[in-house]
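Everything on this sheet refers to the single structure shown next.
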Amino acid sequence: MTQPFDWFVIPFAIGFWSMMLLLVVKICRWWLGFSSVDKKMALSRIFSVHTLRALVEMVREGLLHRNIFRVSPRLGYMHMSLAMGWFLLIVVGKFQTLAFTGNHVNAVWLPIFFKSFYPGDVHFAGSVVYEFLMDAALLLVLSGVALAWYKRVAPSALGMRKSARHIWPDRVALTFLWFVFPVRLLSEGGTAAIHGGGSFLTGTVGAVLSPWADLLAAWQVDGALWWGYSIVLGGFFLMLPWSRYMHIPAELVLILFRHWGVSPQSLQPIELEACSRCGICIDGCAMLPVGNDGQAVYYVRDARYGYVTAAKAHDCLMCGSCESRCPVGLRLGSLRLEGRRKGASDWAVNPVESASVAVGANGGRVVYFPGCVGALTPAVTSAMRRLMQAAGVSFVEMDANNGMCCGRPLFLSGQADAARAQVAQNSQLLAASEAQVLVTSCPVCYKMFSQYYQLPITVMHHTQWLKQMVGDGRLQVSHSDAVMVYHDPCELGRGCGVYDEPRDVLSRMVTLQSSSDQRQASLCCGGSLGGYRMKDAGRQQIASHAVDRLVDARTQTLVTACPMCKKTLAAVSPVKVKDIAEVTLEHLVLLPFKKIPHQEKSLLVTKQELVGA
Amino acid sequence: MHTKKIAVIGAGPAGLGAASVLSRNGLRVSVFHREAAAGGHLNDWAWLFPRFVPARDVAVSMAAETRQVDFHPGCHIAGVSRHANGQFKIVMPDGQTEVADALVYAGGFRVFDASRKEELGYGIYPRVVTSADLEKMLAGEVPFPVELLQQQALRIGVVHCVGSRDEKSGNRHCSRMCCVTGVKQSIELRKRFPNSRVTAFYMDMRMFGNGYEELYLEAQRDWQVLFVRGRVSEVAESDEGRLRVKAEDTLLGRPIRDEFDLLVLMVGMEADLPKWLIEDLGVKQIDAGFARGNDELVASNRTPTRGLYLAGSCKGPLSVAEAWNDGQAAAQQLLLDLNR
């Protein structure tokens, strides 16, 4: 059977083939950018269960958009209906043409312009079912388009406070996309009006238009509509690789390569293109009180088009909120750091001279590390010292005589080499000591020591240590009638997943309020080391916003577990701000003559105990 | 015609200055003061720079300048509103009200709470004190930390600009008086503890007043006070209870670590305006939060609200003498307007 042709398919064909060509080029470039290890890994996994898992995730996230449903069901429906509806149009169209022509390979435009070439009631095996399914899929897409229109007017109706602002390629592509399916409906409806046919949707539109059928036929309105359909569809395809809609293929490729074990570093170029600029990250951004043009969605966009400047790369507190909200699971913090690393004029790699850790000299195997910001909050660190004494834990302080840096500030400012040198030096020092447990008061240090060092010892944040001590009865606390609210530090919560330990300890001592901005949704205090270029006035605005959201009329104390958060929040809070260690010390029941059995064992907190806790 | 009734809020140097001029001109004056005794922050000070006059004497002579006034001590004003006829209704804490034809606001400032700079250890380490605490120790009202008296070679640190010119504590403004206070207290400490060595950490030494520069030179020449340009970044306590200080010498460009037996924080002045002054009487504020007069050159005592005058350090940090003069100036302005 010869393939039908009409000149109006040309715009569509140009758009489609240019898109396909670019996609192939892009995928080749991504592949060539992989390290040889990554390539080997990916090739070895092609015929494995990983591919099946990737396919499942593609359906779940690429079509059903489960993660977006979690943010807001209406927003999820919008994304799902567009993706799923369009996908069904392609699949059902494919089978429709297969059933009609009997050929597996047909002209690429045939399924798309099928009703234009074969108008009216054309009967073949299953033709009525296909027409019905095509109309159902079209209706699904149209419902999504209607919601998308509505979202532009009122983002809040779809569960978003702020919608992303778009640049011109996005606007052009978006405009084409908005018109693709309504124009298809009109084209099919117009054809149905003249020639009959069509299922419940297109047939009904045809019936409505049928009184003017002669006029439509005389003026060749149906032909004009099919031209219009071809132009908007071709235009959309033409723009797709240049616009945010590149996320559609990029996300699928990303999912596949993730499952094939490609390293995060190699995936970064794909991640930049897999951002759909849905804007879900915006609402959670800590920087909103001081401006709404540096959010992850805009940063990733600028990085993709090569517009990143050092100022943009540093215009972020690295609180991790965007990353925890991203439905595509993009590693937005790493993408930001990459921009900082590229723009960094390398500092001299001069590790801060560290103190010697004379562990074991006095029998203690616990090292306490208040950290540099800990040194600015003596109320916190002196509380920790007293608590360690009270628990009968003998300890040494790693930075008692000399300053010591965990390396994270260097790392966060893009000085990766300097950070690595610092890590190496500190690791040597700790390895040479007989330390078995490292307790930090600073979540920034905790994240660094637990995730970027390969230490043969247990690393704990003091919230975890307190939970252990209180749980074991080595520290006994009383319950007061104080009402407190807990602020999750970014690096401790989103950064390390420590949410329950502080709450467990606090709820033994005080009435702990809950808040809508807690755990994953916690707001950055603004003091973060992740944005050292930020001015104090901006930090205070962010802190005030966080305090306003956390503190209500009942709150007596705002409690946190990070010296930086404490300092930043205390500068603006109407209520007292305390660290969990201070609160614990206040509630400590002193047992002066308590005998600690198996003293030596009590000094040690093993990894097993920590996991069991 | 001088049967008009004037309310003065605050009986520190500025309020007393205003009350003295107004009462001597035959006006009926009511003075409302939140403390029991007139004098304001003068009562917290032992001696005044630059010539070490007892602060008590200064307060007494200021109060003696006033004539018959209706004094309301311990009266923390709950609110003030202005009637359409131009009169002010003053609500006292017990709910009683008083009416006045004009109002001089001389509510003063608040001393910066040094515990807000946690890194300096105030309220955590007993040997960290503020300039205000030290005055009480010098006056003998509060004992010095006992160990200090027994120690042979005392090391004393003086930290300038605590809560002033410091964006982190939200105060960009200069409190003006702490530089010379630091110099004065350094000398007093050297007199009190002859074996001591005093190191002062400063950003700039702003010696603008008569005799201030001379006092600064005297401190260096006669009392060997060492002035180091740089801020103190953190304070920790050693096992012996001494204070370990980290700072930076910004002239030599190098970090400093030192140990002290006593650290004195020169706390600054902060705005302390009541809500009613801003919301009900329409007084504007400068960025630092202090009250703003109509302009800062020729009408700093006047406000857009007719009959309302500003006096003293509610408008920004002032010395005792400046506050006293400013109170008198506000009263003169009021008299001129009354007679117009």
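Following the order of the structure tokens, first chain is A, next is B, and so on, with residues numbered from 1 inside each chain and ligands from 1 in the order they appear.
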
Distance query B:Asp295 at most 12 Å, only C-alpha atoms, self and fewer than 3 positions along chain excluded, as a PyMOL selection string: chain B and resi 284-286+291-292+298-304+310+315

Output N, CA, C and O atoms of each residue in that selection to a file, as an mmCIF file, in the first residue's frame.
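Done, and the output landed in again-v5.cif:
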```
data_model
loop_
_atom_site.group_PDB
_atom_site.id
_atom_site.type_symbol
_atom_site.label_atom_id
_atom_site.label_comp_id
_atom_site.auth_asym_id
_atom_site.auth_seq_id
_atom_site.Cartn_x
_atom_site.Cartn_y
_atom_site.Cartn_z
ATOM 1 N N LYS B 284 8.821 59.110 63.565
ATOM 2 C CA LYS B 284 9.560 58.310 62.580
ATOM 3 C C LYS B 284 10.874 57.827 63.201
ATOM 4 O O LYS B 284 11.342 58.368 64.192
ATOM 5 N N GLN B 285 11.452 56.798 62.573
ATOM 6 C CA GLN B 285 12.702 56.232 63.097
ATOM 7 C C GLN B 285 13.807 56.310 62.057
ATOM 8 O O GLN B 285 13.537 56.233 60.856
ATOM 9 N N ILE B 286 15.042 56.412 62.524
ATOM 10 C CA ILE B 286 16.173 56.249 61.612
ATOM 11 C C ILE B 286 16.462 54.760 61.487
ATOM 12 O O ILE B 286 15.879 53.954 62.219
ATOM 13 N N ALA B 291 14.663 57.508 67.382
ATOM 14 C CA ALA B 291 13.641 58.442 66.906
ATOM 15 C C ALA B 291 14.275 59.503 66.016
ATOM 16 O O ALA B 291 15.431 59.886 66.208
ATOM 17 N N ARG B 292 13.497 59.954 65.032
ATOM 18 C CA ARG B 292 14.011 60.947 64.101
ATOM 19 C C ARG B 292 13.237 62.246 64.245
ATOM 20 O O ARG B 292 12.006 62.259 64.169
ATOM 21 N N VAL B 298 18.597 71.670 62.199
ATOM 22 C CA VAL B 298 18.025 72.792 62.952
ATOM 23 C C VAL B 298 16.721 72.445 63.666
ATOM 24 O O VAL B 298 16.214 73.258 64.431
ATOM 25 N N ALA B 299 16.170 71.277 63.429
ATOM 26 C CA ALA B 299 14.881 70.971 64.074
ATOM 27 C C ALA B 299 14.876 69.549 64.597
ATOM 28 O O ALA B 299 13.893 68.841 64.482
ATOM 29 N N SER B 300 16.000 69.119 65.187
ATOM 30 C CA SER B 300 16.080 67.715 65.603
ATOM 31 C C SER B 300 15.171 67.415 66.787
ATOM 32 O O SER B 300 14.866 66.274 67.064
ATOM 33 N N ASN B 301 14.750 68.458 67.529
ATOM 34 C CA ASN B 301 13.877 68.219 68.676
ATOM 35 C C ASN B 301 12.396 68.194 68.298
ATOM 36 O O ASN B 301 11.563 67.761 69.063
ATOM 37 N N ARG B 302 12.119 68.679 67.097
ATOM 38 C CA ARG B 302 10.717 68.770 66.689
ATOM 39 C C ARG B 302 10.255 67.500 65.982
ATOM 40 O O ARG B 302 11.055 66.791 65.385
ATOM 41 N N THR B 303 8.951 67.276 66.004
ATOM 42 C CA THR B 303 8.377 66.132 65.295
ATOM 43 C C THR B 303 7.247 66.640 64.419
ATOM 44 O O THR B 303 6.787 67.781 64.587
ATOM 45 N N PRO B 304 6.780 65.825 63.505
ATOM 46 C CA PRO B 304 5.637 66.247 62.680
ATOM 47 C C PRO B 304 4.367 66.422 63.532
ATOM 48 O O PRO B 304 3.422 67.073 63.101
ATOM 49 N N LEU B 310 11.245 65.783 70.974
ATOM 50 C CA LEU B 310 12.158 64.688 71.305
ATOM 51 C C LEU B 310 13.389 65.260 71.984
ATOM 52 O O LEU B 310 13.899 66.295 71.567
ATOM 53 N N LYS B 315 17.141 59.764 70.380
ATOM 54 C CA LYS B 315 17.410 60.067 68.969
ATOM 55 C C LYS B 315 18.737 59.477 68.504
ATOM 56 O O LYS B 315 19.084 59.595 67.330
#
```

Taking the DSSP secondary structure from the backbone, can you list the residues of stretch 98-291 of chain B that are helix (DSSP H, G or I), as an mmCIF file with C-alpha atoms, in the first residue's frame?
```cif
data_model
loop_
_atom_site.group_PDB
_atom_site.id
_atom_site.type_symbol
_atom_site.label_atom_id
_atom_site.label_comp_id
_atom_site.auth_asym_id
_atom_site.auth_seq_id
_atom_site.Cartn_x
_atom_site.Cartn_y
_atom_site.Cartn_z
ATOM 1 C CA ALA B 114 25.924 41.322 75.755
ATOM 2 C CA SER B 115 24.633 37.756 76.017
ATOM 3 C CA ARG B 116 23.410 38.213 72.443
ATOM 4 C CA GLU B 118 27.337 34.407 72.742
ATOM 5 C CA GLU B 119 30.862 33.961 71.352
ATOM 6 C CA LEU B 120 32.125 36.483 73.913
ATOM 7 C CA SER B 131 31.271 48.102 81.074
ATOM 8 C CA ALA B 132 28.067 48.631 83.047
ATOM 9 C CA ASP B 133 28.914 45.769 85.434
ATOM 10 C CA LEU B 134 32.421 47.116 85.872
ATOM 11 C CA GLU B 135 31.093 50.524 86.935
ATOM 12 C CA LYS B 136 29.210 48.821 89.781
ATOM 13 C CA MET B 137 32.372 46.982 90.771
ATOM 14 C CA LEU B 138 34.392 50.180 90.652
ATOM 15 C CA VAL B 146 37.294 37.282 94.327
ATOM 16 C CA GLU B 147 40.220 35.570 92.703
ATOM 17 C CA LEU B 148 41.177 38.742 90.891
ATOM 18 C CA LEU B 149 42.186 40.498 94.067
ATOM 19 C CA GLN B 150 44.557 37.727 95.031
ATOM 20 C CA GLU B 167 25.768 44.040 61.489
ATOM 21 C CA LYS B 168 25.608 40.556 62.959
ATOM 22 C CA SER B 169 23.863 41.934 66.018
ATOM 23 C CA CYS B 178 32.045 53.414 74.540
ATOM 24 C CA CYS B 179 35.457 54.377 73.095
ATOM 25 C CA VAL B 180 36.139 56.909 75.791
ATOM 26 C CA THR B 181 34.432 54.729 78.386
ATOM 27 C CA GLY B 182 36.901 51.984 77.518
ATOM 28 C CA VAL B 183 39.800 54.381 77.953
ATOM 29 C CA LYS B 184 38.413 55.662 81.235
ATOM 30 C CA GLN B 185 37.781 52.190 82.591
ATOM 31 C CA SER B 186 41.218 50.974 81.513
ATOM 32 C CA ILE B 187 42.789 53.739 83.588
ATOM 33 C CA GLU B 188 40.516 52.992 86.529
ATOM 34 C CA LEU B 189 41.418 49.315 86.383
ATOM 35 C CA ARG B 190 45.100 50.138 86.296
ATOM 36 C CA LYS B 191 44.636 52.365 89.353
ATOM 37 C CA ARG B 192 42.665 49.699 91.152
ATOM 38 C CA TYR B 212 38.996 62.616 75.251
ATOM 39 C CA GLU B 213 42.124 62.558 73.086
ATOM 40 C CA GLU B 214 44.215 63.645 76.072
ATOM 41 C CA LEU B 215 42.728 60.841 78.140
ATOM 42 C CA TYR B 216 43.555 58.355 75.370
ATOM 43 C CA LEU B 217 47.181 59.515 75.348
ATOM 44 C CA GLU B 218 47.325 59.389 79.122
ATOM 45 C CA ALA B 219 46.108 55.809 79.108
ATOM 46 C CA GLN B 220 48.941 54.797 76.802
ATOM 47 C CA ARG B 221 51.680 56.973 78.289
ATOM 48 C CA LYS B 275 5.204 51.291 70.575
ATOM 49 C CA TRP B 276 2.814 54.146 71.275
ATOM 50 C CA LEU B 277 5.413 56.732 70.324
ATOM 51 C CA ILE B 278 5.685 55.312 66.826
ATOM 52 C CA GLU B 279 2.186 53.983 66.239
#
```

All strand (DSSP E) positions in stretch 88-283 of chain B, as JSON, numbers by chain: {"B": [88, 89, 90, 91, 97, 98, 99, 100, 102, 103, 104, 105, 109, 110, 111, 128, 129, 130, 155, 156, 157, 158, 159, 160, 161, 162, 197, 198, 199, 200, 201, 202, 226, 227, 228, 229, 232, 233, 234, 235, 236, 237, 243, 244, 245, 246, 247, 248, 249, 254, 255, 256, 257, 258, 259, 260, 262, 263, 264, 265, 266, 267, 269, 270, 271]}

Interface list for chain A, partner chain B, 7 Å threshold, only C-alpha atoms, as a list in words: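 Output check: Ala375, Leu376, Thr377, Pro378, Ala379, Asp536 and Ala571 of chain A.
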
For the residues in that selection, give me N, CA and C atoms as a PDB file, in the first residue's frame.
```pdb
ATOM      1  N   ALA A 375      32.699  26.934  68.694  1.00  0.00           N
ATOM      2  CA  ALA A 375      33.529  27.801  69.528  1.00  0.00           C
ATOM      3  C   ALA A 375      32.888  29.170  69.728  1.00  0.00           C
ATOM      4  N   LEU A 376      31.923  29.503  68.875  1.00  0.00           N
ATOM      5  CA  LEU A 376      31.231  30.791  69.022  1.00  0.00           C
ATOM      6  C   LEU A 376      29.972  30.665  69.876  1.00  0.00           C
ATOM      7  N   THR A 377      29.661  29.435  70.288  1.00  0.00           N
ATOM      8  CA  THR A 377      28.481  29.236  71.136  1.00  0.00           C
ATOM      9  C   THR A 377      28.904  28.494  72.396  1.00  0.00           C
ATOM     10  N   PRO A 378      29.626  29.195  73.281  1.00  0.00           N
ATOM     11  CA  PRO A 378      30.141  28.514  74.477  1.00  0.00           C
ATOM     12  C   PRO A 378      29.039  27.949  75.368  1.00  0.00           C
ATOM     13  N   ALA A 379      27.828  28.491  75.279  1.00  0.00           N
ATOM     14  CA  ALA A 379      26.759  27.935  76.110  1.00  0.00           C
ATOM     15  C   ALA A 379      26.478  26.492  75.697  1.00  0.00           C
ATOM     16  N   ASP A 536      24.490  40.103  55.805  1.00  0.00           N
ATOM     17  CA  ASP A 536      23.811  39.838  57.079  1.00  0.00           C
ATOM     18  C   ASP A 536      22.345  40.247  57.066  1.00  0.00           C
ATOM     19  N   ALA A 571      19.369  35.957  66.931  1.00  0.00           N
ATOM     20  CA  ALA A 571      19.474  37.381  66.615  1.00  0.00           C
ATOM     21  C   ALA A 571      18.117  38.001  66.312  1.00  0.00           C
TER      22      ALA A 571
END
```

Residues near B:Ile9, cut-off 9 Å, only C-alpha atoms, skip fewer than 3 positions along chain, as a ChimeraX atom specification: /B:15,30-34,77,103-107

Those residues you just picked out, can you put them in a file as a tab-separated table (two decimals), in the first residue's frame with N, CA and C atoms?
```tsv
chain	number	residue	atom	x	y	z
B	15	GLY	N	15.72	64.46	80.15
B	15	GLY	CA	14.42	64.78	80.76
B	15	GLY	C	14.59	65.85	81.83
B	30	SER	N	4.89	67.94	84.56
B	30	SER	CA	4.79	66.60	85.16
B	30	SER	C	5.90	65.75	84.57
B	31	VAL	N	6.69	65.12	85.42
B	31	VAL	CA	7.77	64.26	84.93
B	31	VAL	C	7.43	62.81	85.27
B	32	PHE	N	7.41	61.98	84.22
B	32	PHE	CA	7.12	60.55	84.42
B	32	PHE	C	8.41	59.77	84.23
B	33	HIS	N	8.72	58.91	85.18
B	33	HIS	CA	9.99	58.19	85.09
B	33	HIS	C	9.78	56.74	85.49
B	34	ARG	N	10.36	55.82	84.71
B	34	ARG	CA	10.07	54.40	85.00
B	34	ARG	C	10.81	53.89	86.24
B	77	ILE	N	5.00	54.43	81.47
B	77	ILE	CA	3.81	54.87	80.73
B	77	ILE	C	3.26	53.74	79.85
B	103	LEU	N	4.24	67.62	75.04
B	103	LEU	CA	4.93	66.45	75.57
B	103	LEU	C	6.38	66.48	75.12
B	104	VAL	N	7.28	66.28	76.09
B	104	VAL	CA	8.68	66.09	75.73
B	104	VAL	C	9.02	64.63	75.98
B	105	TYR	N	9.42	63.92	74.91
B	105	TYR	CA	9.79	62.52	75.10
B	105	TYR	C	11.29	62.42	75.29
B	106	ALA	N	11.71	61.92	76.46
B	106	ALA	CA	13.14	61.78	76.75
B	106	ALA	C	13.39	60.40	77.35
B	107	GLY	N	12.92	59.38	76.62
B	107	GLY	CA	12.93	58.01	77.14
B	107	GLY	C	14.28	57.30	77.08
```
